[in-house]
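Below: input28.csv (CSV, C-alpha atoms and all ligand atoms)
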chain,number,residue,atom,x,y,z
A,1,MET,CA,0.7,1.6,-82.4
A,2,ASP,CA,3.6,3.2,-84.3
A,3,LEU,CA,2.3,6.6,-85.4
A,4,VAL,CA,2.8,10.3,-85.4
A,5,LEU,CA,-0.3,12.4,-85.1
A,6,PRO,CA,-0.3,16.1,-85.9
A,7,PHE,CA,-2.6,18.5,-84.1
A,8,THR,CA,-3.2,22.1,-83.5
A,9,LEU,CA,-4.6,24.1,-80.6
A,10,GLY,CA,-6.2,27.6,-80.4
A,11,GLY,CA,-7.3,27.6,-84.1
A,12,GLY,CA,-3.8,26.9,-85.2
A,13,ALA,CA,-1.8,29.1,-82.9
A,14,PHE,CA,0.0,26.2,-81.3
A,15,ARG,CA,1.2,23.2,-83.3
A,16,GLY,CA,1.8,19.7,-81.9
A,17,ARG,CA,2.8,16.2,-82.6
A,18,LEU,CA,1.9,13.1,-80.6
A,19,VAL,CA,4.3,10.2,-81.2
A,20,ARG,CA,3.8,6.6,-80.1
A,21,LEU,CA,6.3,3.8,-80.9
A,22,HIS,CA,6.0,0.2,-80.0
A,23,GLN,CA,7.3,-2.0,-82.8
A,24,VAL,CA,9.8,0.7,-83.9
A,25,ALA,CA,11.1,1.1,-80.4
A,26,THR,CA,11.3,-2.6,-79.7
A,27,GLU,CA,13.0,-3.5,-83.0
A,28,THR,CA,15.5,-0.7,-82.6
A,29,ILE,CA,16.3,-1.0,-78.9
A,30,VAL,CA,16.7,-4.8,-78.6
A,31,ARG,CA,19.4,-4.8,-81.3
A,32,HIS,CA,21.7,-2.8,-79.0
A,33,HIS,CA,21.7,-5.1,-76.0
A,34,GLN,CA,22.0,-2.2,-73.5
A,35,PRO,CA,20.8,-1.9,-69.9
A,36,GLU,CA,17.2,-0.7,-69.5
A,37,ALA,CA,18.2,2.9,-68.6
A,38,VAL,CA,20.1,3.2,-71.9
A,39,GLY,CA,17.1,1.6,-73.7
A,40,ARG,CA,14.9,4.4,-72.3
A,41,LEU,CA,17.2,7.0,-73.8
A,42,ILE,CA,17.2,5.4,-77.2
A,43,GLY,CA,13.4,5.2,-77.0
A,44,GLU,CA,13.1,8.9,-76.1
A,45,ALA,CA,15.6,9.9,-78.9
A,46,LEU,CA,13.6,7.9,-81.4
A,47,VAL,CA,10.4,9.8,-80.4
A,48,LEU,CA,12.1,13.1,-80.6
A,49,ALA,CA,13.5,12.2,-84.1
A,50,VAL,CA,10.0,11.3,-85.3
A,51,ALA,CA,8.4,14.4,-83.8
A,52,VAL,CA,10.9,16.6,-85.6
A,53,GLY,CA,11.3,14.5,-88.7
A,54,SER,CA,7.6,14.5,-89.4
A,55,ARG,CA,7.8,18.3,-89.9
A,56,LEU,CA,9.9,17.8,-93.0
A,57,LYS,CA,8.2,19.3,-96.1
A,58,PHE,CA,10.6,17.9,-98.7
A,59,ASP,CA,12.5,14.6,-99.1
A,60,GLY,CA,15.3,14.4,-96.6
A,61,VAL,CA,16.6,13.2,-93.2
A,62,VAL,CA,16.5,14.6,-89.8
A,63,THR,CA,19.3,13.5,-87.5
A,64,LEU,CA,19.7,14.2,-83.8
A,65,GLN,CA,22.9,13.3,-82.2
A,66,THR,CA,24.4,13.7,-78.7
A,67,SER,CA,28.1,13.8,-78.1
A,68,SER,CA,29.2,13.9,-74.5
A,69,ASP,CA,31.8,12.7,-71.9
A,70,GLY,CA,29.6,10.3,-69.8
A,71,PRO,CA,29.2,6.5,-69.9
A,72,VAL,CA,26.7,7.1,-72.8
A,73,SER,CA,28.9,9.1,-75.1
A,74,ARG,CA,26.7,9.2,-78.2
A,75,ILE,CA,23.1,8.7,-79.1
A,76,VAL,CA,22.0,9.0,-82.7
A,77,ALA,CA,18.4,8.8,-84.0
A,78,ASP,CA,17.3,9.7,-87.5
A,79,MET,CA,14.2,9.7,-89.6
A,80,THR,CA,13.6,10.1,-93.3
A,81,SER,CA,10.7,12.0,-94.8
A,82,ASP,CA,9.1,8.7,-95.8
A,83,GLY,CA,9.0,7.5,-92.2
A,84,ASN,CA,12.0,5.3,-91.8
A,85,VAL,CA,13.5,5.5,-88.3
A,86,ARG,CA,16.6,4.1,-86.7
A,87,ALA,CA,19.0,4.8,-83.8
A,88,SER,CA,22.5,4.0,-82.5
A,89,VAL,CA,24.3,4.4,-79.2
A,90,ALA,CA,27.9,4.4,-78.0
A,91,THR,CA,28.6,3.4,-74.4
A,92,ASP,CA,31.5,2.6,-72.1
A,93,PRO,CA,30.3,-0.7,-70.6
A,94,ASP,CA,32.6,-0.5,-67.5
A,95,ARG,CA,31.7,3.1,-66.6
A,96,LEU,CA,28.1,2.2,-67.2
A,97,ALA,CA,28.2,-0.7,-64.9
A,98,GLU,CA,29.9,1.4,-62.3
A,99,MET,CA,27.2,4.1,-62.5
A,100,ILE,CA,24.4,1.6,-62.3
A,101,ALA,CA,26.0,0.0,-59.2
A,102,SER,CA,26.5,3.4,-57.6
A,103,GLY,CA,22.8,4.1,-57.3
A,104,VAL,CA,22.7,7.6,-58.9
A,105,PRO,CA,19.6,8.4,-60.9
A,106,LEU,CA,20.1,6.9,-64.3
A,107,ASP,CA,18.7,9.9,-66.2
A,108,PHE,CA,19.9,11.5,-69.4
A,109,ALA,CA,22.0,14.1,-67.5
A,110,HIS,CA,24.0,11.5,-65.5
A,111,LEU,CA,24.3,8.9,-68.3
A,112,SER,CA,25.4,11.4,-70.9
A,113,GLY,CA,27.5,13.8,-68.8
A,114,LYS,CA,28.7,17.1,-70.3
A,115,GLY,CA,28.3,17.6,-74.0
A,116,HIS,CA,25.9,18.8,-76.6
A,117,LEU,CA,22.9,17.9,-78.7
A,118,ALA,CA,23.0,18.6,-82.5
A,119,MET,CA,20.1,18.4,-84.9
A,120,THR,CA,20.7,18.2,-88.6
A,121,VAL,CA,18.2,18.6,-91.4
A,122,ASP,CA,19.5,17.3,-94.7
A,123,GLN,CA,17.2,17.7,-97.6
A,124,GLY,CA,19.4,16.5,-100.4
A,125,ASP,CA,21.7,18.3,-102.8
A,126,ASP,CA,19.4,21.1,-103.7
A,127,THR,CA,19.0,22.6,-100.3
A,128,ASP,CA,21.5,23.6,-97.6
A,129,ARG,CA,22.2,21.3,-94.8
A,130,TYR,CA,21.0,22.9,-91.6
A,131,GLN,CA,22.5,22.1,-88.2
A,132,GLY,CA,21.9,23.5,-84.8
A,133,ILE,CA,23.8,22.7,-81.6
A,134,VAL,CA,23.0,23.2,-78.0
A,135,ALA,CA,24.7,22.2,-74.7
A,136,ILE,CA,23.1,19.4,-72.7
A,137,GLU,CA,21.0,21.0,-70.0
A,138,GLY,CA,18.7,19.9,-67.2
A,139,HIS,CA,18.0,16.3,-66.3
A,140,THR,CA,16.2,14.9,-69.3
A,141,LEU,CA,16.6,14.7,-73.1
A,142,ALA,CA,13.3,16.8,-73.2
A,143,ASP,CA,14.9,19.6,-71.2
A,144,THR,CA,17.8,19.8,-73.6
A,145,ALA,CA,15.5,19.6,-76.6
A,146,ILE,CA,13.4,22.5,-75.3
A,147,SER,CA,16.5,24.5,-74.9
A,148,TYR,CA,17.5,23.6,-78.5
A,149,PHE,CA,14.2,24.9,-79.9
A,150,ARG,CA,14.5,28.1,-77.9
A,151,GLN,CA,18.1,28.8,-78.9
A,152,SER,CA,18.3,27.5,-82.4
A,153,GLU,CA,14.7,28.0,-83.7
A,154,GLN,CA,13.4,30.7,-81.3
A,155,ILE,CA,10.3,28.6,-80.8
A,156,GLY,CA,8.6,28.2,-77.5
A,157,THR,CA,8.3,24.5,-76.8
A,158,ALA,CA,6.7,22.1,-74.4
A,159,LEU,CA,7.8,18.5,-74.7
A,160,LEU,CA,7.1,15.2,-73.0
A,161,LEU,CA,9.2,12.1,-73.7
A,162,ALA,CA,8.9,8.7,-72.1
A,163,ALA,CA,9.9,5.1,-72.8
A,164,GLU,CA,9.6,1.9,-70.8
A,165,ALA,CA,9.9,-1.8,-71.1
A,166,PRO,CA,6.8,-3.1,-69.5
A,167,ASP,CA,6.8,-6.2,-67.3
A,168,GLY,CA,6.8,-9.5,-69.2
A,169,GLY,CA,9.3,-8.5,-71.8
A,170,PHE,CA,6.8,-7.9,-74.5
A,171,GLY,CA,9.0,-5.2,-75.9
A,172,TRP,CA,9.3,-1.4,-75.6
A,173,ARG,CA,6.9,1.4,-75.6
A,174,ALA,CA,8.0,5.0,-76.3
A,175,GLY,CA,5.9,8.1,-76.7
A,176,GLY,CA,6.0,11.8,-76.6
A,177,ILE,CA,4.1,15.0,-77.3
A,178,LEU,CA,5.8,18.0,-78.8
A,179,LEU,CA,3.9,21.3,-78.6
A,180,GLN,CA,5.2,24.5,-80.2
A,181,ARG,CA,4.1,28.1,-80.2
A,182,LEU,CA,4.3,29.5,-83.7
A,183,PRO,CA,6.7,32.5,-84.0
A,184,THR,CA,3.9,34.6,-85.6
A,185,PRO,CA,0.6,33.8,-83.9
A,186,ASN,CA,-2.4,33.8,-86.2
A,187,ALA,CA,-5.2,36.4,-85.8
A,188,THR,CA,-7.6,34.2,-83.9
A,189,LEU,CA,-5.3,34.4,-80.8
A,190,ALA,CA,-3.1,37.4,-80.1
A,191,GLY,CA,-1.5,39.4,-77.3
A,192,PRO,CA,-2.3,38.5,-73.6
A,193,GLU,CA,-5.0,36.0,-74.8
A,194,GLU,CA,-2.4,34.1,-76.8
A,195,ALA,CA,0.1,34.2,-73.9
A,196,ASP,CA,-2.5,32.9,-71.4
A,197,ALA,CA,-3.6,30.1,-73.8
A,198,TRP,CA,0.1,29.0,-74.2
A,199,GLU,CA,0.6,28.9,-70.4
A,200,THR,CA,-2.6,26.9,-70.0
A,201,ALA,CA,-1.6,24.4,-72.8
A,202,LYS,CA,1.8,23.9,-71.1
A,203,VAL,CA,0.2,23.2,-67.7
A,204,LEU,CA,-2.3,20.8,-69.3
A,205,LEU,CA,0.5,18.9,-71.1
A,206,GLN,CA,2.6,18.6,-67.9
A,207,SER,CA,-0.5,17.0,-66.2
A,208,LEU,CA,-0.2,14.0,-68.5
A,209,THR,CA,1.5,11.0,-66.8
A,210,ASP,CA,4.0,8.7,-68.5
A,211,ARG,CA,1.5,5.9,-67.9
A,212,GLU,CA,-1.2,7.7,-69.8
A,213,LEU,CA,1.2,8.7,-72.6
A,214,LEU,CA,2.3,5.1,-73.1
A,215,ASP,CA,-1.0,3.2,-72.3
A,216,PRO,CA,-1.8,1.1,-75.3
A,217,THR,CA,-5.4,0.8,-74.3
A,218,LEU,CA,-5.8,4.6,-74.5
A,219,ALA,CA,-6.1,5.7,-78.1
A,220,ALA,CA,-3.7,8.5,-79.2
A,221,THR,CA,-6.7,10.8,-80.1
A,222,GLU,CA,-8.2,10.1,-76.8
A,223,VAL,CA,-5.1,11.2,-75.0
A,224,LEU,CA,-5.2,14.5,-76.9
A,225,ARG,CA,-9.0,14.9,-76.3
A,226,ARG,CA,-8.6,14.5,-72.6
A,227,LEU,CA,-5.9,17.1,-72.3
A,228,PHE,CA,-7.0,19.7,-74.8
A,229,HIS,CA,-10.8,19.4,-75.3
A,230,GLN,CA,-11.3,23.0,-74.2
A,231,SER,CA,-8.3,24.3,-76.0
A,232,GLY,CA,-9.5,24.4,-79.6
A,233,LEU,CA,-8.1,21.0,-80.5
A,234,ALA,CA,-7.9,19.9,-84.1
A,235,VAL,CA,-6.3,16.5,-84.9
A,236,TYR,CA,-5.0,15.7,-88.4
A,237,ASP,CA,-4.3,12.5,-90.3
A,238,GLY,CA,-1.6,10.5,-88.7
A,239,ALA,CA,1.4,9.0,-90.6
A,240,ASP,CA,3.1,5.6,-90.2
A,241,VAL,CA,6.7,5.2,-89.1
A,242,ARG,CA,8.8,2.0,-89.2
A,243,PHE,CA,12.2,0.8,-88.3
A,244,ALA,CA,14.5,0.7,-91.4
A,245,CYS,CA,18.2,1.0,-91.8
A,246,ARG,CA,19.9,2.6,-94.8
A,247,CYS,CA,23.1,0.6,-94.7
A,248,SER,CA,24.1,-1.6,-97.6
A,249,ARG,CA,27.1,-3.7,-98.6
A,250,GLN,CA,27.7,-1.3,-101.5
A,251,ARG,CA,27.7,1.9,-99.3
A,252,LEU,CA,30.1,0.3,-96.7
A,253,GLU,CA,32.4,-0.9,-99.5
A,254,GLY,CA,32.5,2.7,-100.7
A,255,VAL,CA,33.5,3.9,-97.2
A,256,LEU,CA,36.2,1.3,-97.0
A,257,ALA,CA,37.5,2.1,-100.5
A,258,GLY,CA,38.0,5.7,-99.3
A,259,LEU,CA,40.3,4.7,-96.4
A,260,PRO,CA,44.1,4.8,-96.8
A,261,PRO,CA,45.5,1.3,-97.7
A,262,GLU,CA,47.5,1.1,-94.5
A,263,ASP,CA,44.3,1.5,-92.4
A,264,LEU,CA,42.7,-1.3,-94.4
A,265,ALA,CA,45.7,-3.6,-93.9
A,266,HIS,CA,45.6,-2.8,-90.1
A,267,ALA,CA,41.9,-3.6,-89.9
A,268,ALA,CA,42.1,-6.9,-91.8
A,269,VAL,CA,42.2,-10.3,-90.1
A,270,ASP,CA,43.2,-13.2,-92.3
A,271,GLY,CA,42.5,-11.1,-95.4
A,272,THR,CA,39.0,-10.1,-94.4
A,273,ILE,CA,37.5,-7.0,-92.8
A,274,GLU,CA,34.3,-7.3,-90.7
A,275,VAL,CA,32.1,-4.2,-90.4
A,276,THR,CA,29.0,-4.1,-88.2
A,277,CYS,CA,26.4,-1.4,-88.8
A,278,ASP,CA,26.1,0.9,-85.8
A,279,PHE,CA,22.4,1.2,-86.3
A,280,CYS,CA,21.0,-2.2,-87.2
A,281,LYS,CA,23.9,-4.4,-86.1
A,282,THR,CA,24.1,-6.2,-89.5
A,283,ARG,CA,27.5,-7.8,-90.0
A,284,TYR,CA,29.2,-7.4,-93.3
A,285,ILE,CA,32.4,-9.3,-94.2
A,286,PHE,CA,34.7,-8.0,-97.0
A,287,ASP,CA,37.6,-9.7,-98.7
A,288,VAL,CA,40.4,-7.1,-98.6
A,289,ASP,CA,41.4,-8.0,-102.1
A,290,ASP,CA,37.8,-7.2,-103.3
A,291,ILE,CA,37.9,-3.6,-101.9
A,292,PRO,CA,38.6,-1.1,-104.7
A,293,THR,CA,41.8,0.8,-103.8
A,294,SER,CA,41.6,4.5,-103.0
A,295,SER,CA,39.9,6.2,-105.8
A,296,VAL,CA,41.9,8.8,-107.7
A,297,SER,CA,39.3,11.5,-107.4
A,298,SER,CA,38.2,12.0,-103.8
A,299,ASP,CA,34.5,11.2,-103.4
A,300,ASN,CA,33.0,13.8,-101.2
A,301,SER,CA,29.5,12.3,-101.4
A,302,SER,CA,30.4,9.3,-99.2
A,303,LYS,CA,29.5,9.9,-95.6
A,304,PRO,CA,31.1,7.4,-93.3
A,305,ARG,CA,29.2,8.6,-90.3
A,306,SER,CA,25.8,7.7,-91.6
A,307,GLU,CA,26.4,4.6,-93.7
B,401,ZN,ZN,22.3,-0.9,-90.8
Mind turning this structure into structure tokens?
Amino acid sequence: MDLVLPFTLGGGAFRGRLVRLHQVATETIVRHHQPEAVGRLIGEALVLAVAVGSRLKFDGVVTLQTSSDGPVSRIVADMTSDGNVRASVATDPDRLAEMIASGVPLDFAHLSGKGHLAMTVDQGDDTDRYQGIVAIEGHTLADTAISYFRQSEQIGTALLLAAEAPDGGFGWRAGGILLQRLPTPNATLAGPEEADAWETAKVLLQSLTDRELLDPTLAATEVLRRLFHQSGLAVYDGADVRFACRCSRQRLEGVLAGLPPEDLAHAAVDGTIEVTCDFCKTRYIFDVDDIPTSSVSSDNSSKPRSE
């Protein structure tokens, strides 16, 4: 049930990804002990990260990150080119409880507030790091992502994202379909014909309900066939994705070693420092005396944000 399925329409004029996450969504979301509305956002962010990350042609990581002034001030989801996915979230529990009690719709726009969405593609030392940023717009994460693709990549995009925790507590289901219009349409579709086909494909995609998108009894290929059987659909081999965190004791120790000694002293309790990974919630305990003191040469390769 955890998969990303590439497809094309119109002989390759439009390119898509269908993503379905069950175990990945469940394993990721339950670690964060958040209200259901926040769990839905994490689920949608995971799906978006997988849809974008599965386009990577070289080894690397795709990270999407929101930063905003609402009760949910940060959502991070990333995916490596070999299919490892994870997510983290930062919330203000008091403001969150207040908003839930107030009865306003608990959508992305209300929970996140004003801010932006950034997507970063990092393909190692040999290639440049690429980052695009867009303001949070519309009601849903999908609305903002569509605006991202339009502004940062000049790609016409249609996108569905959904996540739910079905009755019975058997975990989470998250899913989505990303459909993009290639900047240089191929020869089989051009001009008004290509524009019409794009409008039709968008309408067809919007006709899919969240229930159908997430229904585990409906195979992913069947979802696509029902929608696009008259749109020149071609489905390609799917790829697996899984929950996996990249944190390690060694990496965190490297981060701590880069901090000023006075910060370490301030953070220590009874001579130990406890660090919890934002993503997988693993707790690491360090003896302050075991942490190497600030290295003489500054180590620019350590990235505290993505331990
Ligand atoms: Zn971790």
Kindly provide, as a ChimeraX atom specification, all nucleotide and amino acid residues lying within 10 Å of ligand ZN 401 (chain B), counting all atoms listed in the file.
/A:86-88,244-249,252,276-284,306-307
If we count only C-alpha atoms, what is near segment 207-224 of chain A at a cut-off of 7 Å, once residues fewer than 6 positions away on the same chain are taken out, given as a ChimeraX atom specification? /A:162,173-176
Residues of the last selection are to be written out with C-alpha atoms, as a short mmCIF file (atom, residue, chain, number, x, y, z; two decimals), keeping the file's coordinate frame.
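Contents of part04.cif, as written:
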data_model
loop_
_atom_site.label_atom_id
_atom_site.label_comp_id
_atom_site.auth_asym_id
_atom_site.auth_seq_id
_atom_site.Cartn_x
_atom_site.Cartn_y
_atom_site.Cartn_z
CA ALA A 162 8.90 8.70 -72.10
CA ARG A 173 6.90 1.40 -75.60
CA ALA A 174 8.00 5.00 -76.30
CA GLY A 175 5.90 8.10 -76.70
CA GLY A 176 6.00 11.80 -76.60
#
Students should find that atom CA of Ala163 of chain A and atom CA of Ile29 of chain A are spaced 10.7 Å
| Counting all atoms listed in the file, what is within 9 Å of segment 105-115 of chain A, bar same-chain residues fewer than 3 positions away, as JSON, numbers by chain? | {"A": [37, 38, 41, 66, 67, 68, 69, 70, 71, 72, 73, 74, 75, 96, 99, 100, 134, 135, 136, 137, 138, 139, 140, 141]}
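We find atom CA of Arg17 of chain A and atom CA of Val235 of chain A to be spaced 9.4 Å apart.
Here atom CA of Ala268 of chain A stands at a distance of 10.4 Å from atom CA of Asp289 of chain A.
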